[in-house]
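First the structure, in the form of structure tokens, and then the observations on it.
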Protein chains: 2
Amino acid sequence: MAGKKVLIVYAHQEPRSLNGSLKDVAVAELSQQGCSVIVSDLYAMNFEPRATGKDITGTLSNPGFFNYGVEAHKAYKKQSLSSDIIEEQKKLQEADLVIFQGKLAILSLTTGGTASMFSKTGVNGDFRYFLWPLQHGTLHFCGFKVLAPQISFGPEMASEEERKRMVASWAQRLKTLWEEEPIQCSPPWYFGQ
Amino acid sequence: MAGKKVLIVYAHQEPRSLNGSLKDVAVAELSQQGCSVIVSDLYAMNFEPRATGKDITGTLSNPGFFNYGVEAHKAYKKQSLSSDIIEEQKKLQEADLVIFQGKLAILSLTTGGTASMFSKTGVNGDFRYFLWPLQHGTLHFCGFKVLAPQISFGPEMASEEERKRMVASWAQRLKTLWEEEPIQCSPPWYFGQ
């Protein structure tokens, strides 16, 4: 939708992977719609995933007993978080739509196993089980309305043609993404009744 | 049990936290039993959590298309993984018991919320839900027999006396840990029937 701001949080090491293609097709389709699209390419940025005292600049509120949650909250209010975090927060605040994409990330993800391996009786259990901590515990908790995830199952085991279908199906879905209703992000969606 | 090797994988920034006390009491109790105890203190080691090409030394099998799983598997067989990974793998292979401990890690963990927040109808849902990806998807998948987790709920909201009880209860359990039966690590344990 023209004028909307989209942030794609992208986490994969190989630009030529299926994940890379899914990201490229999203940038292309959404730009074509007139959205402004920003990609946070976490591996390319060498984004720091460790939660340590380095995330807080200036003096700690209690240097003798480091509590990450307390210090980060105070630093957030004082705007003394490290610049890499502040930049990502700014992108998030400004975005109308956020697409998290990567292996086992949220909303658009690829898996190492096939769809049947991620069914209720499969070796990995229902794919919704592993979405719970991220999609409910993080996104929903942070106030996002969550759209149904786009899962591309087992590209490594799929044929080239199937992989092309996965990319095309994502491109197709993006055409009407703005009309979708969010899921009911509560236990029944994940675990049934 | 005398002679057993125990590895504690510990992930917390503050040695004086409840997590630190739980680790200390485990080292003390298990050493007293005659076990040899090693602690991998991930934050203190500044352990690299990113899965990148730096984990593989020497030449990649396919430098034009980086597939982490493929490259890591080949490097494992050629013993050309980076030294920090090889060292941790060696500790794991030699251990009779592995205790993963940290916020939201496995087996011995502390939470930010109270027990009722981690019940089926609580805001976070049953605590077993968030254990699924780590405890089943990682530990069980890697062939571990999994003991019931030790969860210390909400130390930040608890009184000093309650926190002492949490540490004492962990120390008490460690006395007879070797007699415990592993859980049935399958969907019913996590999601009920």
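Labels used: A, B, ... for chains in the order of the structure tokens, numbers from 1 for residues in each chain, and numbers from 1 for ligands as shown.
If you take only C-alpha atoms and a cut-off of 8 Å, the residues of chain B that reach chain A are B:Gln13, B:Glu14, B:Arg16, B:Ser17, B:Pro49, B:Arg50, B:Thr52, B:Phe65, B:Phe66, B:Asn67, B:Tyr68, B:Asn124, B:Gly125, B:Tyr129, B:Phe130, B:Trp132, B:Pro133, B:Gly137, B:Pro187, B:Phe191.
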Resulting file, chosen residues, C-alpha atoms, as a PDB file, in the first residue's frame:
```
ATOM      1  CA  GLN B  13      25.711 -11.720  33.554  1.00  0.00           C
ATOM      2  CA  GLU B  14      25.670 -11.207  37.330  1.00  0.00           C
ATOM      3  CA  ARG B  16      25.573 -12.311  42.669  1.00  0.00           C
ATOM      4  CA  SER B  17      22.169 -13.066  41.101  1.00  0.00           C
ATOM      5  CA  PRO B  49      26.435 -17.056  19.783  1.00  0.00           C
ATOM      6  CA  ARG B  50      26.303 -16.130  16.061  1.00  0.00           C
ATOM      7  CA  THR B  52      28.688 -17.760  10.891  1.00  0.00           C
ATOM      8  CA  PHE B  65      27.028 -20.643  -1.482  1.00  0.00           C
ATOM      9  CA  PHE B  66      27.381 -20.725   2.272  1.00  0.00           C
ATOM     10  CA  ASN B  67      25.182 -23.370   3.893  1.00  0.00           C
ATOM     11  CA  TYR B  68      25.895 -23.341   7.624  1.00  0.00           C
ATOM     12  CA  ASN B 124       2.734 -16.490  29.433  1.00  0.00           C
ATOM     13  CA  GLY B 125       0.908 -19.809  29.163  1.00  0.00           C
ATOM     14  CA  TYR B 129       5.240 -24.481  26.261  1.00  0.00           C
ATOM     15  CA  PHE B 130       8.420 -22.434  26.102  1.00  0.00           C
ATOM     16  CA  TRP B 132       9.431 -27.294  23.898  1.00  0.00           C
ATOM     17  CA  PRO B 133      11.914 -25.837  21.375  1.00  0.00           C
ATOM     18  CA  GLY B 137      13.823 -29.677  19.885  1.00  0.00           C
ATOM     19  CA  PRO B 187       4.134 -33.753  23.210  1.00  0.00           C
ATOM     20  CA  PHE B 191       0.772 -29.844  25.861  1.00  0.00           C
TER      21      PHE B 191
END
```
All residues 7 Å or closer to Asp41 (chain B), only C-alpha atoms, same chain fewer than 5 positions away omitted, as a ChimeraX atom specification: /B:9-11
Exercise: region 22-32 of chain B partners within 12 Å, only C-alpha atoms, chain neighbours under 3 positions left out, as a PyMOL selection string: chain B and resi 1-12+14-19+35-41+97-103+107-110+150-152+155+163-178
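Counting only C-alpha atoms, the residue from A:Pro149, A:Met117, A:Met157, A:Leu42 that sits nearest to Ile183 (chain A) is A:Pro149.
Between CA of Asp55 (chain B) and CA of Asp84 (chain B) the separation is 8.5 Å.
These are the residues of region 38-80 of chain B assigned alpha helix (DSSP H) by DSSP from backbone coordinates: Tyr68, Gly69, Val70, Glu71, Ala72, His73, Lys74, Ala75, Tyr76, Lys77 and Lys78 of chain B.
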Please, could you write that set of residues out with all heavy atoms as a short mmCIF file (atom, residue, chain, number, x, y, z; two decimals), in the first residue's frame?
```
data_model
loop_
_atom_site.label_atom_id
_atom_site.label_comp_id
_atom_site.auth_asym_id
_atom_site.auth_seq_id
_atom_site.Cartn_x
_atom_site.Cartn_y
_atom_site.Cartn_z
N TYR B 68 25.28 -23.12 6.31
CA TYR B 68 25.90 -23.34 7.62
C TYR B 68 25.85 -24.81 8.06
O TYR B 68 26.84 -25.36 8.52
CB TYR B 68 25.22 -22.47 8.69
CG TYR B 68 25.92 -22.57 10.03
CD1 TYR B 68 27.04 -21.80 10.30
CD2 TYR B 68 25.49 -23.47 11.00
CE1 TYR B 68 27.71 -21.91 11.51
CE2 TYR B 68 26.15 -23.59 12.21
CZ TYR B 68 27.27 -22.80 12.46
OH TYR B 68 27.93 -22.92 13.65
N GLY B 69 24.67 -25.44 7.89
CA GLY B 69 24.53 -26.83 8.32
C GLY B 69 25.48 -27.76 7.59
O GLY B 69 26.15 -28.60 8.21
N VAL B 70 25.58 -27.61 6.28
CA VAL B 70 26.45 -28.46 5.47
C VAL B 70 27.91 -28.23 5.84
O VAL B 70 28.67 -29.17 6.10
CB VAL B 70 26.24 -28.18 3.97
CG1 VAL B 70 27.32 -28.84 3.12
CG2 VAL B 70 24.85 -28.65 3.53
N GLU B 71 28.32 -26.97 5.90
CA GLU B 71 29.72 -26.66 6.20
C GLU B 71 30.12 -27.10 7.61
O GLU B 71 31.20 -27.64 7.82
CB GLU B 71 29.98 -25.15 6.04
CG GLU B 71 29.79 -24.61 4.63
CD GLU B 71 30.84 -25.11 3.63
OE1 GLU B 71 31.87 -25.67 4.05
OE2 GLU B 71 30.62 -24.91 2.41
N ALA B 72 29.21 -26.90 8.57
CA ALA B 72 29.52 -27.27 9.96
C ALA B 72 29.64 -28.80 10.08
O ALA B 72 30.51 -29.31 10.79
CB ALA B 72 28.47 -26.74 10.92
N HIS B 73 28.78 -29.51 9.37
CA HIS B 73 28.83 -30.98 9.41
C HIS B 73 30.15 -31.50 8.84
O HIS B 73 30.80 -32.37 9.43
CB HIS B 73 27.64 -31.55 8.63
CG HIS B 73 27.58 -33.05 8.66
ND1 HIS B 73 27.45 -33.77 9.82
CD2 HIS B 73 27.63 -33.96 7.65
CE1 HIS B 73 27.43 -35.07 9.54
NE2 HIS B 73 27.54 -35.20 8.22
N LYS B 74 30.55 -30.94 7.68
CA LYS B 74 31.82 -31.37 7.06
C LYS B 74 33.00 -30.99 7.94
O LYS B 74 33.94 -31.75 8.11
CB LYS B 74 31.97 -30.74 5.67
CG LYS B 74 30.93 -31.31 4.72
CD LYS B 74 31.22 -30.99 3.26
CE LYS B 74 30.19 -31.75 2.42
NZ LYS B 74 30.19 -31.35 1.00
N ALA B 75 32.94 -29.79 8.51
CA ALA B 75 34.03 -29.33 9.37
C ALA B 75 34.12 -30.20 10.63
O ALA B 75 35.21 -30.49 11.13
CB ALA B 75 33.85 -27.87 9.74
N TYR B 76 32.97 -30.63 11.13
CA TYR B 76 32.96 -31.52 12.30
C TYR B 76 33.70 -32.81 11.98
O TYR B 76 34.54 -33.29 12.76
CB TYR B 76 31.52 -31.81 12.71
CG TYR B 76 31.40 -32.88 13.78
CD1 TYR B 76 31.78 -32.61 15.09
CD2 TYR B 76 30.92 -34.15 13.47
CE1 TYR B 76 31.68 -33.58 16.07
CE2 TYR B 76 30.81 -35.13 14.45
CZ TYR B 76 31.20 -34.84 15.75
OH TYR B 76 31.11 -35.80 16.71
N LYS B 77 33.43 -33.37 10.80
CA LYS B 77 34.07 -34.62 10.43
C LYS B 77 35.57 -34.45 10.18
O LYS B 77 36.36 -35.32 10.49
CB LYS B 77 33.38 -35.21 9.19
CG LYS B 77 31.98 -35.77 9.52
CD LYS B 77 31.45 -36.71 8.46
CE LYS B 77 31.14 -35.96 7.17
NZ LYS B 77 30.42 -36.79 6.19
N LYS B 78 35.95 -33.29 9.64
CA LYS B 78 37.37 -33.02 9.37
C LYS B 78 38.07 -32.42 10.59
O LYS B 78 39.23 -32.07 10.52
CB LYS B 78 37.49 -32.01 8.21
CG LYS B 78 37.17 -32.57 6.83
CD LYS B 78 37.73 -31.64 5.75
CE LYS B 78 37.14 -30.23 5.84
NZ LYS B 78 37.65 -29.31 4.82
#
```
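CA of Gly113 (chain B) is positioned 6.3 Å from CA of Phe153 (chain B).
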